[in-house]
>>> print(open('query34.cif').read())   # mmCIF, C-alpha atoms
data_data
loop_
_atom_site.label_atom_id
_atom_site.label_comp_id
_atom_site.auth_asym_id
_atom_site.auth_seq_id
_atom_site.Cartn_x
_atom_site.Cartn_y
_atom_site.Cartn_z
CA MET A 1 4.70 6.89 0.36
CA LEU A 2 5.47 4.55 3.28
CA ASP A 3 9.13 5.68 3.42
CA ILE A 4 10.32 2.08 3.85
CA SER A 5 13.89 1.23 4.83
CA PRO A 6 15.67 -2.16 4.95
CA GLY A 7 14.87 -3.89 8.22
CA ASP A 8 11.41 -2.35 8.63
CA SER A 9 8.32 -4.28 9.68
CA ILE A 10 5.30 -3.62 7.46
CA LEU A 11 1.71 -4.75 7.96
CA GLU A 12 -0.40 -5.33 4.84
CA ALA A 13 -4.12 -6.15 4.82
CA GLY A 14 -5.44 -7.42 1.51
CA THR A 15 -2.78 -9.74 0.08
CA GLY A 16 -4.56 -10.31 -3.25
CA ASN A 17 -2.16 -11.79 -5.80
CA ALA A 18 0.85 -10.73 -3.65
CA GLY A 19 2.17 -8.26 -6.22
CA LEU A 20 2.42 -5.46 -3.68
CA THR A 21 3.48 -7.93 -0.98
CA MET A 22 6.57 -8.87 -2.98
CA HIS A 23 7.33 -5.22 -3.72
CA LEU A 24 7.19 -4.48 0.01
CA ALA A 25 9.38 -7.52 0.75
CA ARG A 26 12.04 -6.21 -1.62
CA ALA A 27 11.94 -2.85 0.14
CA VAL A 28 12.38 -4.23 3.67
CA GLY A 29 15.13 -6.62 2.54
CA GLY A 30 16.26 -9.83 4.15
CA CYS A 31 16.40 -8.29 7.64
CA GLY A 32 12.84 -6.92 7.49
CA LYS A 33 9.39 -8.50 7.47
CA VAL A 34 6.09 -8.03 5.70
CA TYR A 35 3.11 -9.37 7.66
CA THR A 36 0.32 -9.77 5.13
CA VAL A 37 -3.30 -10.66 5.92
CA GLU A 38 -5.92 -12.00 3.50
CA ARG A 39 -9.52 -12.89 4.38
CA ASN A 40 -10.11 -15.35 1.53
CA ASN A 41 -8.24 -18.62 2.01
CA ASP A 42 -8.18 -19.55 -1.72
CA THR A 43 -6.76 -16.13 -2.58
CA LEU A 44 -4.12 -16.50 0.12
CA GLU A 45 -3.05 -19.95 -1.06
CA ASN A 46 -2.73 -18.64 -4.62
CA ALA A 47 -0.60 -15.75 -3.34
CA LYS A 48 1.71 -18.16 -1.52
CA THR A 49 2.13 -20.16 -4.75
CA LEU A 50 2.97 -17.05 -6.75
CA VAL A 51 5.55 -15.89 -4.19
CA ALA A 52 7.11 -19.37 -4.08
CA LYS A 53 7.49 -19.38 -7.87
CA PHE A 54 9.00 -15.89 -8.06
CA ARG A 55 12.79 -16.24 -8.30
CA HIS A 56 12.63 -19.67 -6.65
CA GLY A 57 10.99 -18.29 -3.51
CA GLN A 58 13.69 -15.70 -2.87
CA LEU A 59 11.26 -13.39 -1.04
CA LEU A 60 9.52 -16.02 1.10
CA PRO A 61 11.76 -15.52 4.19
CA SER A 62 10.69 -11.86 4.34
CA ILE A 63 6.93 -12.55 4.20
CA VAL A 64 4.62 -13.87 6.92
CA PHE A 65 1.15 -14.88 5.67
CA SER A 66 -2.00 -14.83 7.83
CA GLN A 67 -5.57 -15.74 6.93
CA GLY A 68 -8.59 -14.03 8.44
CA LYS A 69 -10.10 -10.64 9.19
CA LEU A 70 -7.43 -8.12 10.18
CA SER A 71 -9.12 -7.07 13.43
CA GLU A 72 -9.35 -10.72 14.48
CA VAL A 73 -5.75 -11.76 13.74
CA ILE A 74 -3.75 -8.59 14.44
CA ASP A 75 -3.23 -9.39 18.13
CA ASP A 76 -1.93 -12.88 17.32
CA ILE A 77 0.46 -11.38 14.80
CA ALA A 78 1.66 -8.88 17.39
CA VAL A 79 2.28 -11.60 19.98
CA SER A 80 4.22 -13.66 17.41
CA ILE A 81 6.47 -10.64 16.83
CA ASP A 82 6.88 -9.76 20.51
CA PRO A 83 5.52 -12.18 23.18
CA SER A 84 5.65 -9.40 25.80
CA VAL A 85 2.56 -7.93 24.13
CA GLU A 86 0.37 -10.79 25.39
CA PRO A 87 0.13 -9.70 29.06
CA LEU A 88 -0.66 -6.17 27.89
CA LEU A 89 -3.55 -7.52 25.83
CA ASP A 90 -4.81 -9.54 28.79
CA LYS A 91 -4.74 -6.41 30.95
CA VAL A 92 -6.60 -4.40 28.35
CA LYS A 93 -9.32 -7.05 28.01
CA ASP A 94 -9.70 -7.16 31.79
CA ASP A 95 -9.87 -3.37 32.09
CA SER A 96 -12.34 -3.19 29.21
CA ALA A 97 -14.69 -5.62 30.91
CA HIS A 98 -14.94 -3.25 33.89
CA SER A 99 -14.59 0.20 32.35
CA GLY A 100 -15.88 -0.18 28.80
CA VAL A 101 -12.81 1.47 27.22
CA GLN A 102 -12.34 -1.17 24.55
CA GLU A 103 -12.77 1.39 21.75
CA LYS A 104 -10.46 3.94 23.41
CA TRP A 105 -7.45 1.99 24.52
CA ARG A 106 -6.41 1.09 20.98
CA GLY A 107 -6.04 4.78 20.28
CA GLY A 108 -3.57 5.02 23.11
CA ASN A 109 -0.22 3.52 23.88
CA MET A 110 -1.19 0.45 25.91
CA VAL A 111 0.26 -1.90 23.33
CA LYS A 112 3.68 -1.76 21.74
CA PRO A 113 4.09 0.07 18.42
CA LEU A 114 5.56 -2.68 16.24
CA PHE A 115 5.07 -1.57 12.64
CA ASP A 116 6.99 0.98 10.59
CA GLY A 117 4.16 1.20 8.07
CA ILE A 118 0.72 -0.20 7.30
CA VAL A 119 -1.01 -0.81 3.95
CA LEU A 120 -4.78 -1.26 3.86
CA ASP A 121 -6.25 -2.52 0.57
CA MET A 122 -9.88 -2.97 1.53
CA PRO A 123 -13.25 -1.26 0.92
CA THR A 124 -13.66 0.12 4.48
CA PRO A 125 -10.20 0.74 6.02
CA TRP A 126 -11.64 3.13 8.61
CA THR A 127 -13.21 0.16 10.41
CA GLN A 128 -9.67 -1.08 11.19
CA LEU A 129 -8.32 2.09 12.85
CA THR A 130 -9.21 0.84 16.31
CA SER A 131 -7.32 -2.42 15.67
CA ILE A 132 -4.13 -1.03 14.13
CA PHE A 133 -3.50 2.40 15.62
CA GLY A 134 -1.73 1.25 18.78
CA TYR A 135 0.59 -0.99 16.76
CA LEU A 136 1.82 1.77 14.43
CA LYS A 137 4.94 3.69 15.42
CA THR A 138 4.60 7.43 15.93
CA ASP A 139 5.38 9.59 12.87
CA ARG A 140 4.90 6.61 10.57
CA TYR A 141 2.35 6.04 7.84
CA VAL A 142 -0.80 4.18 6.90
CA VAL A 143 -1.49 4.12 3.14
CA CYS A 144 -4.98 3.11 1.99
CA TYR A 145 -5.87 1.98 -1.53
CA LEU A 146 -9.43 3.03 -2.44
CA PRO A 147 -11.23 2.84 -5.81
CA SER A 148 -13.73 5.69 -5.30
CA MET A 149 -13.71 9.24 -3.93
CA SER A 150 -16.73 8.49 -1.73
CA GLN A 151 -14.57 5.95 0.13
CA VAL A 152 -11.81 8.55 0.48
CA ILE A 153 -14.29 11.01 2.01
CA ASP A 154 -15.56 8.37 4.45
CA LEU A 155 -11.98 7.59 5.50
CA VAL A 156 -11.04 11.24 6.03
CA ARG A 157 -14.17 11.79 8.12
CA ALA A 158 -13.42 8.72 10.22
CA CYS A 159 -9.89 9.98 10.92
CA GLN A 160 -11.11 13.22 12.55
CA PRO A 161 -11.19 11.88 16.16
CA TRP A 162 -7.79 10.24 15.76
CA PRO A 163 -4.33 11.81 15.83
CA LEU A 164 -3.94 10.88 12.18
CA LEU A 165 -2.90 13.56 9.72
CA VAL A 166 -4.17 13.16 6.15
CA GLU A 167 -0.90 14.01 4.41
CA ASP A 168 -1.72 13.15 0.83
CA VAL A 169 -4.50 11.97 -1.47
CA VAL A 170 -3.18 10.88 -4.87
CA GLU A 171 -5.11 9.62 -7.86
CA VAL A 172 -3.39 6.71 -9.60
CA ASP A 173 -4.14 6.64 -13.31
CA TRP A 174 -2.89 4.79 -16.37
CA ARG A 175 -1.74 6.86 -19.34
CA SER A 176 -0.41 5.27 -22.54
CA TRP A 177 2.22 6.99 -24.68
CA GLU A 178 3.01 6.62 -28.36
CA VAL A 179 6.75 6.31 -29.02
CA ARG A 180 7.76 5.39 -32.56
CA VAL A 181 9.86 6.38 -35.56
CA THR A 182 8.17 8.46 -38.28
CA THR A 183 9.16 9.96 -41.63
CA ILE A 184 9.34 13.72 -42.09
CA ARG A 185 8.04 15.00 -45.39
CA ASN A 186 8.26 18.76 -45.68
CA PRO A 187 7.34 20.04 -49.16
CA GLU A 188 8.89 23.42 -48.36
CA GLN A 189 12.32 21.92 -47.93
CA PRO A 190 14.35 20.48 -50.83
CA GLN A 191 14.69 16.73 -50.53
CA SER A 192 18.13 15.17 -50.67
CA LEU A 193 18.75 12.37 -53.16
CA ASP A 194 20.49 9.07 -52.62
CA THR A 195 23.02 7.55 -55.07
CA ASN A 196 20.17 6.21 -57.21
CA GLY A 197 18.52 9.60 -57.49
CA GLN A 198 15.70 8.69 -55.07
CA GLN A 199 14.44 11.21 -52.53
CA VAL A 200 15.62 10.57 -48.99
CA SER A 201 13.15 11.37 -46.22
CA GLU A 202 14.35 12.35 -42.76
CA GLU A 203 13.35 10.31 -39.73
CA ALA A 204 12.24 11.56 -36.34
CA MET A 205 10.77 10.13 -33.15
CA ILE A 206 7.15 10.66 -32.14
CA CYS A 207 6.75 10.82 -28.37
CA ARG A 208 3.32 11.87 -27.14
CA PRO A 209 0.35 10.61 -25.14
CA THR A 210 -2.06 8.49 -27.12
CA HIS A 211 -5.50 9.86 -27.95
CA THR A 212 -7.28 7.20 -25.93
CA PRO A 213 -8.67 8.39 -22.56
CA GLY A 214 -6.57 7.63 -19.50
CA GLY A 215 -7.84 4.88 -17.21
CA HIS A 216 -8.41 5.50 -13.50
CA THR A 217 -7.24 2.78 -11.12
CA ALA A 218 -7.64 4.09 -7.57
CA PHE A 219 -6.80 6.70 -4.96
CA LEU A 220 -3.97 6.40 -2.45
CA VAL A 221 -4.59 8.09 0.90
CA LYS A 222 -1.53 8.67 3.10
CA LEU A 223 -2.12 9.04 6.85
CA ARG A 224 0.58 9.91 9.38
CA LYS A 225 0.36 9.00 13.05
CA CYS A 226 1.24 12.32 14.62
CA ALA A 227 0.66 11.68 18.35
CA GLU A 228 0.04 9.08 20.97
CA THR A 229 -2.44 9.32 23.82
CA ARG A 230 -2.95 7.26 26.92
CA VAL A 231 -6.19 6.06 28.46
CA GLY A 232 -6.80 6.40 32.15
#
>>> encode(input="query34.cif", output="structure tokens")
Amino acid sequence: MLDISPGDSILEAGTGNAGLTMHLARAVGGCGKVYTVERNNDTLENAKTLVAKFRHGQLLPSIVFSQGKLSEVIDDIAVSIDPSVEPLLDKVKDDSAHSGVQEKWRGGNMVKPLFDGIVLDMPTPWTQLTSIFGYLKTDRYVVCYLPSMSQVIDLVRACQPWPLLVEDVVEVDWRSWEVRVTTIRNPEQPQSLDTNGQQVSEEAMICRPTHTPGGHTAFLVKLRKCAETRVG
């Protein structure tokens, strides 16, 4: 859904156990980067350990870990990627102190678009739109992972003032299948006999969904940045 290519820069908020982080790192390759942010320090340290153990740390060079709230660390991450962002941030803070446009400028183009895609795995991703919008490249995607439809509705409503197109809402479920060998016994058909005179039953494969109900995991909401605006 993010349309990732080797060499891309991806921002992820909600590292968790780093399962998705490592998947993203594989997608961007050795010349790309995944900047992942986790609020809980213990969770982050566990994620680092898991990544280090996976294939002897093969993916570590492609991952940059940060601890804290996304809105509070995103600017530092941006400056670490491109130091020329820092004077832009200083100008924005100065302008905001006099004009009160702090909430507006992030929706514009007063910072550099640095990321080819953003993943938000958090209960209220709409609260981060002000922080991330200016850093996302035009015509690129934000994908949000949300457990409930009420959260999806809140996100879609929050996107209305922004040039963000809701391209897709997909339910992710878990469906088990039964695949096994079975014996066919058809009384209407004559049974063949083996060399000992015993009936030989034919074998076939059963391939069907199990009768247990499918389990819901979450919804994925795909947003595309479709325009940029400037303030002032």
>>> atom_distance(input="query34.cif", atom1="CA of Pro113 in chain A", atom2="CA of Ser9 in chain A")
10.6 Å
>>> atom_distance(input="query34.cif", atom1="CA of Ile4 in chain A", atom2="CA of Ser150 in chain A")
28.4 Å
>>> closest_residue(input="query34.cif", among="A:Leu136, A:Val169, A:Val37, A:Leu155", to="Thr124 in chain A", atoms="all atoms listed in the file")
A:Leu155
>>> atom_distance(input="query34.cif", atom1="CA of Thr15 in chain A", atom2="CA of Thr43 in chain A")
8.0 Å
>>> closest_residue(input="query34.cif", among="A:Val152, A:Cys207, A:Leu164, A:Val64", to="Glu178 in chain A", atoms="all atoms listed in the file")
A:Cys207
>>> residues_around(input="query34.cif", residues="Gly68 in chain A", least_positions_apart="2", cutoff="10 Å", atoms="only C-alpha atoms", output="PDB file with C-alpha atoms, in the frame of the given file")
ATOM      1  CA  ALA A  13      -4.120  -6.150   4.820  1.00  0.00           C
ATOM      2  CA  VAL A  37      -3.300 -10.660   5.920  1.00  0.00           C
ATOM      3  CA  GLU A  38      -5.920 -12.000   3.500  1.00  0.00           C
ATOM      4  CA  ARG A  39      -9.520 -12.890   4.380  1.00  0.00           C
ATOM      5  CA  ASN A  40     -10.110 -15.350   1.530  1.00  0.00           C
ATOM      6  CA  ASN A  41      -8.240 -18.620   2.010  1.00  0.00           C
ATOM      7  CA  LEU A  44      -4.120 -16.500   0.120  1.00  0.00           C
ATOM      8  CA  SER A  66      -2.000 -14.830   7.830  1.00  0.00           C
ATOM      9  CA  LEU A  70      -7.430  -8.120  10.180  1.00  0.00           C
ATOM     10  CA  SER A  71      -9.120  -7.070  13.430  1.00  0.00           C
ATOM     11  CA  GLU A  72      -9.350 -10.720  14.480  1.00  0.00           C
ATOM     12  CA  VAL A  73      -5.750 -11.760  13.740  1.00  0.00           C
ATOM     13  CA  ILE A  74      -3.750  -8.590  14.440  1.00  0.00           C
TER      14      ILE A  74
END
>>> resolve_selection(input="query34.cif", expression="the PyMOL selection byres ((chain A and resi 213) around 12)", output="list in words")
Asp173, Trp174, Arg175, Ser176, Trp177, Pro209, Thr210, His211, Thr212, Gly214, Gly215 and His216 of chain A
>>> resolve_selection(input="query34.cif", expression="the PyMOL selection byres ((chain A and resi 79-81) around 12)", output="NGL selection string")
:A and (9-11 or 32-35 or 64 or 66 or 73-78 or 82-90 or 111-115 or 135)
>>> resolve_selection(input="query34.cif", expression="the PyMOL selection byres ((chain A and resi 29) around 10)", output="list of chain:residue names")
A:Ser5, A:Pro6, A:Gly7, A:Asp8, A:Leu24, A:Ala25, A:Arg26, A:Ala27, A:Val28, A:Gly30, A:Cys31, A:Gly32, A:Lys33, A:Val34, A:Leu59, A:Pro61, A:Ser62
>>> closest_residue(input="query34.cif", among="A:Ile63, A:Val142, A:Met22, A:Val221", to="Asp154 in chain A", atoms="all atoms listed in the file")
A:Val221
>>> axis_aligned_box(input="query34.cif", around="range 17-36 of chain A", padding_each_side="4 Å", output="JSON")
{"center_x": 7.1, "center_y": -7.3, "center_z": 0.7, "size_x": 26.6, "size_y": 16.9, "size_z": 21.9}
>>> closest_residue(input="query34.cif", among="A:Gly117, A:Gly19, A:Gly57, A:Pro125", to="Asp139 in chain A", atoms="all atoms listed in the file")
A:Gly117
>>> closest_residue(input="query34.cif", among="A:Ser148, A:Leu50, A:Ile206, A:Ile132", to="Lys225 in chain A", atoms="all atoms listed in the file")
A:Ile132
>>> closest_residue(input="query34.cif", among="A:Asn17, A:Gln67, A:Thr138, A:Gln151", to="Ala218 in chain A", atoms="all atoms listed in the file")
A:Gln151
>>> residues_around(input="query34.cif", residues="Pro163 in chain A", least_positions_apart="2", cutoff="7 Å", atoms="all atoms listed in the file", output="MDAnalysis selection string")
chainID A and resid 161 165 225:227
>>> decode(input="query34.cif", residues="range 1-123 of chain A", atoms="C-alpha atoms", output="PDB file, in the first residue's frame")
ATOM      1  CA  MET A   1       0.000   0.000   0.000  1.00  0.00           C
ATOM      2  CA  LEU A   2       2.952   2.356   0.537  1.00  0.00           C
ATOM      3  CA  ASP A   3       4.415   1.570  -2.917  1.00  0.00           C
ATOM      4  CA  ILE A   4       7.937   1.322  -1.485  1.00  0.00           C
ATOM      5  CA  SER A   5      11.024   1.177  -3.688  1.00  0.00           C
ATOM      6  CA  PRO A   6      14.680   0.486  -2.782  1.00  0.00           C
ATOM      7  CA  GLY A   7      16.302   3.675  -1.538  1.00  0.00           C
ATOM      8  CA  ASP A   8      13.112   5.175  -0.078  1.00  0.00           C
ATOM      9  CA  SER A   9      12.910   6.865   3.316  1.00  0.00           C
ATOM     10  CA  ILE A  10       9.990   5.647   5.426  1.00  0.00           C
ATOM     11  CA  LEU A  11       8.742   7.025   8.744  1.00  0.00           C
ATOM     12  CA  GLU A  12       7.081   4.585  11.149  1.00  0.00           C
ATOM     13  CA  ALA A  13       5.392   5.527  14.429  1.00  0.00           C
ATOM     14  CA  GLY A  14       4.682   2.612  16.731  1.00  0.00           C
ATOM     15  CA  THR A  15       7.691   0.288  16.534  1.00  0.00           C
ATOM     16  CA  GLY A  16       6.181  -2.446  18.722  1.00  0.00           C
ATOM     17  CA  ASN A  17       8.120  -5.690  18.318  1.00  0.00           C
ATOM     18  CA  ALA A  18       9.728  -4.379  15.079  1.00  0.00           C
ATOM     19  CA  GLY A  19       8.056  -6.978  12.874  1.00  0.00           C
ATOM     20  CA  LEU A  20       6.770  -4.365  10.447  1.00  0.00           C
ATOM     21  CA  THR A  21       9.942  -2.311  10.894  1.00  0.00           C
ATOM     22  CA  MET A  22      12.049  -5.170   9.550  1.00  0.00           C
ATOM     23  CA  HIS A  23       9.610  -5.757   6.683  1.00  0.00           C
ATOM     24  CA  LEU A  24       9.922  -2.083   5.735  1.00  0.00           C
ATOM     25  CA  ALA A  25      13.721  -2.270   6.031  1.00  0.00           C
ATOM     26  CA  ARG A  26      13.791  -5.157   3.567  1.00  0.00           C
ATOM     27  CA  ALA A  27      11.666  -3.138   1.151  1.00  0.00           C
ATOM     28  CA  VAL A  28      13.864  -0.011   1.201  1.00  0.00           C
ATOM     29  CA  GLY A  29      17.051  -2.081   0.935  1.00  0.00           C
ATOM     30  CA  GLY A  30      20.552  -1.151   1.980  1.00  0.00           C
ATOM     31  CA  CYS A  31      20.369   2.278   0.331  1.00  0.00           C
ATOM     32  CA  GLY A  32      17.118   3.263   2.069  1.00  0.00           C
ATOM     33  CA  LYS A  33      16.158   4.067   5.649  1.00  0.00           C
ATOM     34  CA  VAL A  34      13.320   3.337   8.034  1.00  0.00           C
ATOM     35  CA  TYR A  35      12.968   5.918  10.808  1.00  0.00           C
ATOM     36  CA  THR A  36      10.912   4.244  13.510  1.00  0.00           C
ATOM     37  CA  VAL A  37       9.535   5.934  16.638  1.00  0.00           C
ATOM     38  CA  GLU A  38       8.299   4.226  19.816  1.00  0.00           C
ATOM     39  CA  ARG A  39       6.961   5.991  22.917  1.00  0.00           C
ATOM     40  CA  ASN A  40       7.705   3.210  25.408  1.00  0.00           C
ATOM     41  CA  ASN A  41      11.423   2.843  26.123  1.00  0.00           C
ATOM     42  CA  ASP A  42      11.209  -0.820  27.256  1.00  0.00           C
ATOM     43  CA  THR A  43       9.321  -1.725  24.080  1.00  0.00           C
ATOM     44  CA  LEU A  44      11.906   0.082  21.979  1.00  0.00           C
ATOM     45  CA  GLU A  45      14.845  -1.669  23.653  1.00  0.00           C
ATOM     46  CA  ASN A  46      13.164  -5.036  23.093  1.00  0.00           C
ATOM     47  CA  ALA A  47      12.653  -4.147  19.423  1.00  0.00           C
ATOM     48  CA  LYS A  48      16.332  -3.275  19.043  1.00  0.00           C
ATOM     49  CA  THR A  49      17.262  -6.658  20.538  1.00  0.00           C
ATOM     50  CA  LEU A  50      14.966  -8.520  18.170  1.00  0.00           C
ATOM     51  CA  VAL A  51      16.340  -6.691  15.120  1.00  0.00           C
ATOM     52  CA  ALA A  52      19.919  -7.336  16.258  1.00  0.00           C
ATOM     53  CA  LYS A  53      19.206 -11.069  16.556  1.00  0.00           C
ATOM     54  CA  PHE A  54      17.488 -11.346  13.170  1.00  0.00           C
ATOM     55  CA  ARG A  55      20.034 -12.676  10.660  1.00  0.00           C
ATOM     56  CA  HIS A  56      22.900 -11.372  12.789  1.00  0.00           C
ATOM     57  CA  GLY A  57      21.662  -7.777  12.605  1.00  0.00           C
ATOM     58  CA  GLN A  58      21.560  -7.686   8.814  1.00  0.00           C
ATOM     59  CA  LEU A  59      18.800  -5.049   8.792  1.00  0.00           C
ATOM     60  CA  LEU A  60      20.224  -2.752  11.489  1.00  0.00           C
ATOM     61  CA  PRO A  61      22.019  -0.387   9.041  1.00  0.00           C
ATOM     62  CA  SER A  62      18.669   0.399   7.391  1.00  0.00           C
ATOM     63  CA  ILE A  63      16.824   1.252  10.633  1.00  0.00           C
ATOM     64  CA  VAL A  64      17.071   4.371  12.789  1.00  0.00           C
ATOM     65  CA  PHE A  65      15.359   4.065  16.196  1.00  0.00           C
ATOM     66  CA  SER A  66      13.925   7.004  18.146  1.00  0.00           C
ATOM     67  CA  GLN A  67      12.175   7.063  21.511  1.00  0.00           C
ATOM     68  CA  GLY A  68       9.414   9.507  22.371  1.00  0.00           C
ATOM     69  CA  LYS A  69       6.149  10.965  21.124  1.00  0.00           C
ATOM     70  CA  LEU A  70       6.170  11.397  17.349  1.00  0.00           C
ATOM     71  CA  SER A  71       5.159  15.070  17.406  1.00  0.00           C
ATOM     72  CA  GLU A  72       8.006  15.799  19.830  1.00  0.00           C
ATOM     73  CA  VAL A  73      10.816  13.984  17.983  1.00  0.00           C
ATOM     74  CA  ILE A  74       9.864  14.393  14.313  1.00  0.00           C
ATOM     75  CA  ASP A  75      11.717  17.697  13.902  1.00  0.00           C
ATOM     76  CA  ASP A  76      14.915  16.242  15.377  1.00  0.00           C
ATOM     77  CA  ILE A  77      14.638  13.295  13.004  1.00  0.00           C
ATOM     78  CA  ALA A  78      14.169  15.674  10.077  1.00  0.00           C
ATOM     79  CA  VAL A  79      17.236  17.720  11.032  1.00  0.00           C
ATOM     80  CA  SER A  80      19.311  14.530  11.354  1.00  0.00           C
ATOM     81  CA  ILE A  81      18.313  13.630   7.796  1.00  0.00           C
ATOM     82  CA  ASP A  82      18.846  17.111   6.352  1.00  0.00           C
ATOM     83  CA  PRO A  83      20.476  19.815   8.544  1.00  0.00           C
ATOM     84  CA  SER A  84      19.151  22.545   6.213  1.00  0.00           C
ATOM     85  CA  VAL A  85      15.719  21.944   7.773  1.00  0.00           C
ATOM     86  CA  GLU A  86      16.818  23.501  11.078  1.00  0.00           C
ATOM     87  CA  PRO A  87      16.788  27.176   9.982  1.00  0.00           C
ATOM     88  CA  LEU A  88      13.374  26.606   8.401  1.00  0.00           C
ATOM     89  CA  LEU A  89      12.076  25.317  11.729  1.00  0.00           C
ATOM     90  CA  ASP A  90      13.551  28.314  13.542  1.00  0.00           C
ATOM     91  CA  LYS A  91      11.804  30.652  11.099  1.00  0.00           C
ATOM     92  CA  VAL A  92       8.503  28.864  11.532  1.00  0.00           C
ATOM     93  CA  LYS A  93       8.710  29.063  15.328  1.00  0.00           C
ATOM     94  CA  ASP A  94       9.514  32.765  15.117  1.00  0.00           C
ATOM     95  CA  ASP A  95       6.659  33.448  12.692  1.00  0.00           C
ATOM     96  CA  SER A  96       4.271  31.409  14.816  1.00  0.00           C
ATOM     97  CA  ALA A  97       5.063  33.464  17.891  1.00  0.00           C
ATOM     98  CA  HIS A  98       3.892  36.599  16.059  1.00  0.00           C
ATOM     99  CA  SER A  99       1.151  35.349  13.758  1.00  0.00           C
ATOM    100  CA  GLY A 100      -0.261  32.281  15.491  1.00  0.00           C
ATOM    101  CA  VAL A 101       0.006  30.070  12.385  1.00  0.00           C
ATOM    102  CA  GLN A 102       1.588  27.140  14.190  1.00  0.00           C
ATOM    103  CA  GLU A 103      -1.289  24.820  13.232  1.00  0.00           C
ATOM    104  CA  LYS A 104      -1.342  26.001   9.605  1.00  0.00           C
ATOM    105  CA  TRP A 105       2.250  26.038   8.507  1.00  0.00           C
ATOM    106  CA  ARG A 106       2.669  22.279   8.881  1.00  0.00           C
ATOM    107  CA  GLY A 107      -0.031  21.843   6.270  1.00  0.00           C
ATOM    108  CA  GLY A 108       2.031  23.880   3.873  1.00  0.00           C
ATOM    109  CA  ASN A 109       5.417  23.542   2.287  1.00  0.00           C
ATOM    110  CA  MET A 110       7.615  25.471   4.721  1.00  0.00           C
ATOM    111  CA  VAL A 111       9.615  22.378   5.595  1.00  0.00           C
ATOM    112  CA  LYS A 112      11.212  19.919   3.231  1.00  0.00           C
ATOM    113  CA  PRO A 113       9.267  16.801   2.216  1.00  0.00           C
ATOM    114  CA  LEU A 114      11.670  14.056   3.285  1.00  0.00           C
ATOM    115  CA  PHE A 115       9.637  10.845   3.461  1.00  0.00           C
ATOM    116  CA  ASP A 116       8.404   8.588   0.676  1.00  0.00           C
ATOM    117  CA  GLY A 117       5.851   6.996   2.986  1.00  0.00           C
ATOM    118  CA  ILE A 118       4.581   7.090   6.559  1.00  0.00           C
ATOM    119  CA  VAL A 119       3.117   4.313   8.741  1.00  0.00           C
ATOM    120  CA  LEU A 120       1.098   5.243  11.822  1.00  0.00           C
ATOM    121  CA  ASP A 121       0.298   2.397  14.230  1.00  0.00           C
ATOM    122  CA  MET A 122      -1.371   4.292  17.057  1.00  0.00           C
ATOM    123  CA  PRO A 123      -4.878   4.808  18.497  1.00  0.00           C
TER     124      PRO A 123
END
